[in-house]
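Undergrad: Before I ask anything, here is the structure I am working with.
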Amino acid sequence: MNYWFDITSAKIIIVDDVSTNREILERVLEKEGYNISQSKSGEAALKIIPRSLPDLILLDVTMPGIDGFETCRRLKEDKATRNIPVLFISARENLEDITKGFRVGGVDYITKPFQNEEVRKRVKIHLTLKLSKEALLNQNKILEDKVEERTKELSETRLEIITRLGRAAEYRDIPGFHTTRVSHYCGLLGSACSLDEKNLDLILHAGAVHDVGKVGIPDKILLKPGKLTPDEWKIMKTHVEIGADLLSGCQSDIMQMVHTMALNHHERWDGTGYMKGLKGEEIPLVARICSVCDAFDAMICDRPFRKAFSMEDAVATIEELSGKHFDPKLVKLFKKLLPEIEEVRKKYPN
């Protein structure tokens with residue numbers, strides 16, 4: 001996969017008091033070409049990291065002196081280091097520790113003994129997200145420096161990054177073309193809502209990124225074949241906040257829309273959703289559109305905990321939840337679009 005930034009030049013620091021652990025992780029990642037350094041304690045890491053800012057930190061939890069949680073908390077308090085993604089890699093695998101890892105600012109939590117390929121993929125995903133976000137934050141500066149004929153090319157590049165962010169999330173959750181289909185459904189439903197041409201183009205691309213926060217949810221929860229426990233469900237719901245945080249800070253129209261969609265797509269028409277408990281038209285229209293489209297397509301996909309619904313059953317469920325989870329007007333419009341929806345499904349099958 002080619003990026004307009006060089007991911008292989010990324011700098012990674014491994015913080016662990018056990019030298020064997022550090023060496024194993026370095027061997028796992030060195031084939032990717034990353035610039036890797038090591039630190040044997042939280043205290044040492046807090047001195048090294050501000051002087052030579054890495055792109056990503058792999059951090060053990062249990063260490064003498066300052067543990068990994070405290071190290072992460074201090075990094076997040078420092079303006080210079082707060083945006084560096086921290087991936088915890090720890091033998092402590094209880095939900096309380098996993099939850100604490102996210103609470104102090106970690107973006108991921110991998111339990112030992114880890115799988116080498118899992119570490120490589122998780123590192124690649126979070127580096128891609130970080131470097132993509134940094135590239136997007138630099139868009140205003142780039143646009144000021146480039147002449148008019150470059151605007152179209154820059155816009156296409158920006159939309160490509162948005163698409164890649166969506167695909168990164170999709171690799172973790174629903175396989176196939178789920179995000180692609182959702183984005184097309186959003187475009188169809190947005191058109192039925194008489195969105196103008198500009199916002200139609202934006203929602204078509206924004207729909208692909210609504211669940212990007214799932215990259216921060218542990219596999220044992222995201223891919224669990226059975227029902228989640230209350231504690232696991234609490235962690236699962238944080239994907240909304242993680243996604244909104246990853247997409248925050250940009251002033252472009254597309255980034256503002258994807259932020260709105262990521263933050264609000266689990267709000268419900270009757271006010272029983274999360275994270276804010278918004279009700280009715282308090283929920284932004286683009287999030288209401290995404291909610292219907294995402295729920296429908298998730299139903300027709302196989303999930304770790306159930307088989308795919310038939311299209312008829314999925315439509316019946318959407319109707320049943322009209323006025324509860326979903327905007328009744330949007331449900332009526334969505335039903336009228338079913339022939340077009342079916343064409344999208346045929347073009348982008350599971």
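By convention here, the chains of the structure tokens are called A, B, ... in the order presented, each chain's residues are numbered starting at 1, and ligands are numbered starting at 1 in the order presented.
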Among segment 126-337 of chain A, which residues does DSSP mark as helix (DSSP H, G or I) when it is run on the backbone? Keep the chain and numbering as in the structure and answer as an MDAnalysis selection string.

TA: chainID A and resid 126:137 139:145 148:170 178:192 197:209 212:216 219:222 230:246 253:264 280:282 285:299 311:320 328:336

Undergrad: Quick check, in Å to one decimal: how far apart do atom CA of Leu333 of chain A and atom CA of Leu189 of chain A lie?

TA: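 Interatomic distance, atom CA of Leu333 of chain A to atom CA of Leu189 of chain A: 7.0 Å.
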
Undergrad: Atom CA of Leu136 of chain A and atom CA of Ile84 of chain A are how many Å apart?

TA: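 Those two atoms sit 15.8 Å apart.
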
Undergrad: If we count only C-alpha atoms and set the cut-off at 8 Å, which residues sit around Gly105 of chain A, ignoring sequence neighbours fewer than 3 positions away in its own chain? Please answer as a ChimeraX atom specification.

TA: /A:72-73,76,86,101-102

Undergrad: Would you put the residues from that selection into a file with N, CA and C atoms, as a JSON list (two decimals), in the first residue's frame?

TA:
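Written file, result_35.json:
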```json
[["chain", "number", "residue", "atom", "x", "y", "z"],
["A", 72, "CYS", "N", 2.29, 7.05, 30.84],
["A", 72, "CYS", "CA", 1.38, 7.52, 29.80],
["A", 72, "CYS", "C", 0.65, 8.78, 30.25],
["A", 73, "ARG", "N", 0.17, 8.78, 31.49],
["A", 73, "ARG", "CA", -0.55, 9.95, 31.98],
["A", 73, "ARG", "C", 0.31, 11.21, 31.91],
["A", 76, "LYS", "N", 0.69, 12.47, 28.35],
["A", 76, "LYS", "CA", -0.52, 13.13, 27.86],
["A", 76, "LYS", "C", -0.71, 14.51, 28.48],
["A", 86, "VAL", "N", 0.12, 5.83, 22.19],
["A", 86, "VAL", "CA", 0.73, 4.88, 23.13],
["A", 86, "VAL", "C", -0.01, 3.54, 23.03],
["A", 101, "GLY", "N", -5.92, 1.58, 30.88],
["A", 101, "GLY", "CA", -5.01, 1.93, 29.80],
["A", 101, "GLY", "C", -5.62, 2.95, 28.86],
["A", 102, "PHE", "N", -6.89, 2.76, 28.50],
["A", 102, "PHE", "CA", -7.56, 3.73, 27.63],
["A", 102, "PHE", "C", -7.83, 5.03, 28.38]]
```

Undergrad: Measure the distance from atom CA of Thr238 of chain A to atom CA of Glu282 of chain A in Å and round it to one decimal.

TA: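 A separation of 21.0 Å between them.
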
Undergrad: For each of A:Ala208, A:Ile341, A:Val240, A:Met63, take the minimum atom-to-atom distance to Phe177 of chain A, counting only C-alpha atoms, then give the residue where this is smallest.

TA: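 Closest to Phe177 of chain A, using only C-alpha atoms: A:Ala208.
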
Undergrad: Neighbouring residues of Glu26 of chain A were defined as those with any atom within 10 Å, considering only C-alpha atoms; residues of the same chain fewer than 3 positions away were excluded. Please report them as a PyMOL selection string.

TA: chain A and resi 12-14+20-23+29-31+34-38

Undergrad: How about saving the chosen residues, N, CA and C atoms kept, as an mmCIF file, in the first residue's frame?

TA:
```cif
data_model
loop_
_atom_site.group_PDB
_atom_site.id
_atom_site.type_symbol
_atom_site.label_atom_id
_atom_site.label_comp_id
_atom_site.auth_asym_id
_atom_site.auth_seq_id
_atom_site.Cartn_x
_atom_site.Cartn_y
_atom_site.Cartn_z
ATOM 1 N N ILE A 12 9.877 4.677 16.460
ATOM 2 C CA ILE A 12 9.158 3.966 17.514
ATOM 3 C C ILE A 12 10.095 3.769 18.700
ATOM 4 N N ILE A 13 9.581 3.991 19.910
ATOM 5 C CA ILE A 13 10.362 3.692 21.109
ATOM 6 C C ILE A 13 9.652 2.593 21.894
ATOM 7 N N ILE A 14 10.427 1.608 22.332
ATOM 8 C CA ILE A 14 9.922 0.487 23.117
ATOM 9 C C ILE A 14 10.351 0.707 24.567
ATOM 10 N N THR A 20 14.910 -8.592 27.340
ATOM 11 C CA THR A 20 14.466 -9.636 26.398
ATOM 12 C C THR A 20 13.193 -9.216 25.675
ATOM 13 N N ASN A 21 12.258 -8.645 26.420
ATOM 14 C CA ASN A 21 11.008 -8.181 25.801
ATOM 15 C C ASN A 21 11.268 -7.102 24.769
ATOM 16 N N ARG A 22 12.181 -6.174 25.115
ATOM 17 C CA ARG A 22 12.496 -5.101 24.171
ATOM 18 C C ARG A 22 13.119 -5.658 22.899
ATOM 19 N N GLU A 23 14.026 -6.610 23.047
ATOM 20 C CA GLU A 23 14.697 -7.177 21.881
ATOM 21 C C GLU A 23 13.723 -7.953 20.999
ATOM 22 N N LEU A 29 9.580 -5.838 14.659
ATOM 23 C CA LEU A 29 9.267 -4.637 13.889
ATOM 24 C C LEU A 29 10.375 -4.174 12.949
ATOM 25 N N GLU A 30 11.595 -4.647 13.160
ATOM 26 C CA GLU A 30 12.707 -4.099 12.388
ATOM 27 C C GLU A 30 12.599 -4.406 10.897
ATOM 28 N N LYS A 31 11.922 -5.507 10.539
ATOM 29 C CA LYS A 31 11.775 -5.847 9.125
ATOM 30 C C LYS A 31 10.916 -4.830 8.373
ATOM 31 N N TYR A 34 11.254 0.436 10.391
ATOM 32 C CA TYR A 34 11.079 1.522 11.342
ATOM 33 C C TYR A 34 12.386 1.857 12.055
ATOM 34 N N ASN A 35 12.491 3.090 12.498
ATOM 35 C CA ASN A 35 13.627 3.562 13.288
ATOM 36 C C ASN A 35 13.287 3.307 14.762
ATOM 37 N N ILE A 36 13.877 2.282 15.350
ATOM 38 C CA ILE A 36 13.473 1.818 16.671
ATOM 39 C C ILE A 36 14.527 2.151 17.733
ATOM 40 N N SER A 37 14.050 2.668 18.863
ATOM 41 C CA SER A 37 14.918 2.897 20.014
ATOM 42 C C SER A 37 14.277 2.228 21.237
ATOM 43 N N GLN A 38 15.049 2.142 22.327
ATOM 44 C CA GLN A 38 14.572 1.440 23.510
ATOM 45 C C GLN A 38 14.786 2.285 24.766
#
```

Undergrad: Quick one: everything within 9 Å of Lys112 of chain A, counting only C-alpha atoms, minus sequence neighbours fewer than 5 positions away in the same chain. Send it as a ChimeraX atom specification.

TA: /A:89-93

Undergrad: Restricting the calculation to only C-alpha atoms: of A:His239, A:Arg120, A:Lys324, A:Lys198, which residue gets closest to Arg268 of chain A?

TA: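 Answer, going by the shortest atom-to-atom distance: A:Lys324.
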
Undergrad: Do you know which residues are at most 9 Å from Glu319 of chain A counting only C-alpha atoms, after dropping those on the same chain fewer than 3 positions away, and could you put them as a list in words?

TA: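 Once the nearby chain positions are removed, what remains is Ala314, Val315, Ala316, Ser322, Gly323, Phe326, Pro328, Val331, Lys332 and Lys335 of chain A.
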
Undergrad: Those same residues, written as a PDB file, in the first residue's frame with C-alpha atoms?

TA:
```pdb
ATOM      1  CA  ALA A 314     -32.867  -6.396   8.014  1.00  0.00           C
ATOM      2  CA  VAL A 315     -35.463  -4.074   6.477  1.00  0.00           C
ATOM      3  CA  ALA A 316     -38.118  -5.374   8.904  1.00  0.00           C
ATOM      4  CA  SER A 322     -38.308   3.462  13.417  1.00  0.00           C
ATOM      5  CA  GLY A 323     -39.084   6.165  15.961  1.00  0.00           C
ATOM      6  CA  PHE A 326     -33.976   5.805  13.830  1.00  0.00           C
ATOM      7  CA  PRO A 328     -38.948   7.823  11.038  1.00  0.00           C
ATOM      8  CA  VAL A 331     -36.610   5.100   7.454  1.00  0.00           C
ATOM      9  CA  LYS A 332     -39.411   5.862   4.956  1.00  0.00           C
ATOM     10  CA  LYS A 335     -37.293   1.934   2.097  1.00  0.00           C
TER      11      LYS A 335
END
```

Undergrad: Residues within 9 Å of Leu75 of chain A, please, as number ranges by chain. Count only C-alpha atoms; anything in the same chain fewer than 4 positions from it doesn't count.

TA: A: 46, 49-50, 70-71, 79-84, 105

Undergrad: Select, from A:Ala45, A:Leu127, A:Met275, A:Cys186, the residue with the minimum atom-to-atom distance to Asp294 of chain A, counting only C-alpha atoms.

TA: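 Ranking A:Ala45, A:Leu127, A:Met275, A:Cys186 by distance to Asp294 of chain A, first place goes to A:Cys186.
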
Undergrad: Which parts of segment 15-102 of chain A does DSSP call strand (DSSP E) when run on the backbone here, written out as a ChimeraX atom specification?

TA: /A:15,35-39,56-59,86-90

Undergrad: Go ahead and write the selection's residues with N, CA and C atoms as a PDB file, in the first residue's frame.

TA:
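Contents of selection27.pdb, freshly written:
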```pdb
ATOM      1  N   VAL A  15       9.385   0.770  25.472  1.00  0.00           N
ATOM      2  CA  VAL A  15       9.671   1.025  26.889  1.00  0.00           C
ATOM      3  C   VAL A  15       9.281  -0.207  27.703  1.00  0.00           C
ATOM      4  N   ASN A  35      12.491   3.090  12.498  1.00  0.00           N
ATOM      5  CA  ASN A  35      13.627   3.562  13.288  1.00  0.00           C
ATOM      6  C   ASN A  35      13.287   3.307  14.762  1.00  0.00           C
ATOM      7  N   ILE A  36      13.877   2.282  15.350  1.00  0.00           N
ATOM      8  CA  ILE A  36      13.473   1.818  16.671  1.00  0.00           C
ATOM      9  C   ILE A  36      14.527   2.151  17.733  1.00  0.00           C
ATOM     10  N   SER A  37      14.050   2.668  18.863  1.00  0.00           N
ATOM     11  CA  SER A  37      14.918   2.897  20.014  1.00  0.00           C
ATOM     12  C   SER A  37      14.277   2.228  21.237  1.00  0.00           C
ATOM     13  N   GLN A  38      15.049   2.142  22.327  1.00  0.00           N
ATOM     14  CA  GLN A  38      14.572   1.440  23.510  1.00  0.00           C
ATOM     15  C   GLN A  38      14.786   2.285  24.766  1.00  0.00           C
ATOM     16  N   SER A  39      13.947   2.013  25.761  1.00  0.00           N
ATOM     17  CA  SER A  39      14.124   2.606  27.082  1.00  0.00           C
ATOM     18  C   SER A  39      13.721   1.557  28.119  1.00  0.00           C
ATOM     19  N   LEU A  56       5.413   6.778  17.663  1.00  0.00           N
ATOM     20  CA  LEU A  56       4.597   5.804  18.379  1.00  0.00           C
ATOM     21  C   LEU A  56       5.403   5.228  19.547  1.00  0.00           C
ATOM     22  N   ILE A  57       4.687   4.897  20.645  1.00  0.00           N
ATOM     23  CA  ILE A  57       5.335   4.359  21.838  1.00  0.00           C
ATOM     24  C   ILE A  57       4.718   3.008  22.169  1.00  0.00           C
ATOM     25  N   LEU A  58       5.562   1.985  22.314  1.00  0.00           N
ATOM     26  CA  LEU A  58       5.127   0.683  22.823  1.00  0.00           C
ATOM     27  C   LEU A  58       5.516   0.645  24.296  1.00  0.00           C
ATOM     28  N   LEU A  59       4.533   0.514  25.175  1.00  0.00           N
ATOM     29  CA  LEU A  59       4.768   0.746  26.600  1.00  0.00           C
ATOM     30  C   LEU A  59       4.281  -0.423  27.451  1.00  0.00           C
ATOM     31  N   VAL A  86       0.119   5.827  22.194  1.00  0.00           N
ATOM     32  CA  VAL A  86       0.730   4.877  23.133  1.00  0.00           C
ATOM     33  C   VAL A  86      -0.006   3.544  23.029  1.00  0.00           C
ATOM     34  N   LEU A  87       0.737   2.483  22.708  1.00  0.00           N
ATOM     35  CA  LEU A  87       0.184   1.129  22.665  1.00  0.00           C
ATOM     36  C   LEU A  87       0.731   0.362  23.863  1.00  0.00           C
ATOM     37  N   PHE A  88      -0.138  -0.019  24.775  1.00  0.00           N
ATOM     38  CA  PHE A  88       0.288  -0.825  25.904  1.00  0.00           C
ATOM     39  C   PHE A  88       0.466  -2.276  25.456  1.00  0.00           C
ATOM     40  N   ILE A  89       1.568  -2.891  25.878  1.00  0.00           N
ATOM     41  CA  ILE A  89       1.787  -4.325  25.665  1.00  0.00           C
ATOM     42  C   ILE A  89       2.114  -4.907  27.029  1.00  0.00           C
ATOM     43  N   SER A  90       1.159  -5.673  27.579  1.00  0.00           N
ATOM     44  CA  SER A  90       1.289  -6.074  28.984  1.00  0.00           C
ATOM     45  C   SER A  90       0.741  -7.469  29.219  1.00  0.00           C
TER      46      SER A  90
END
```
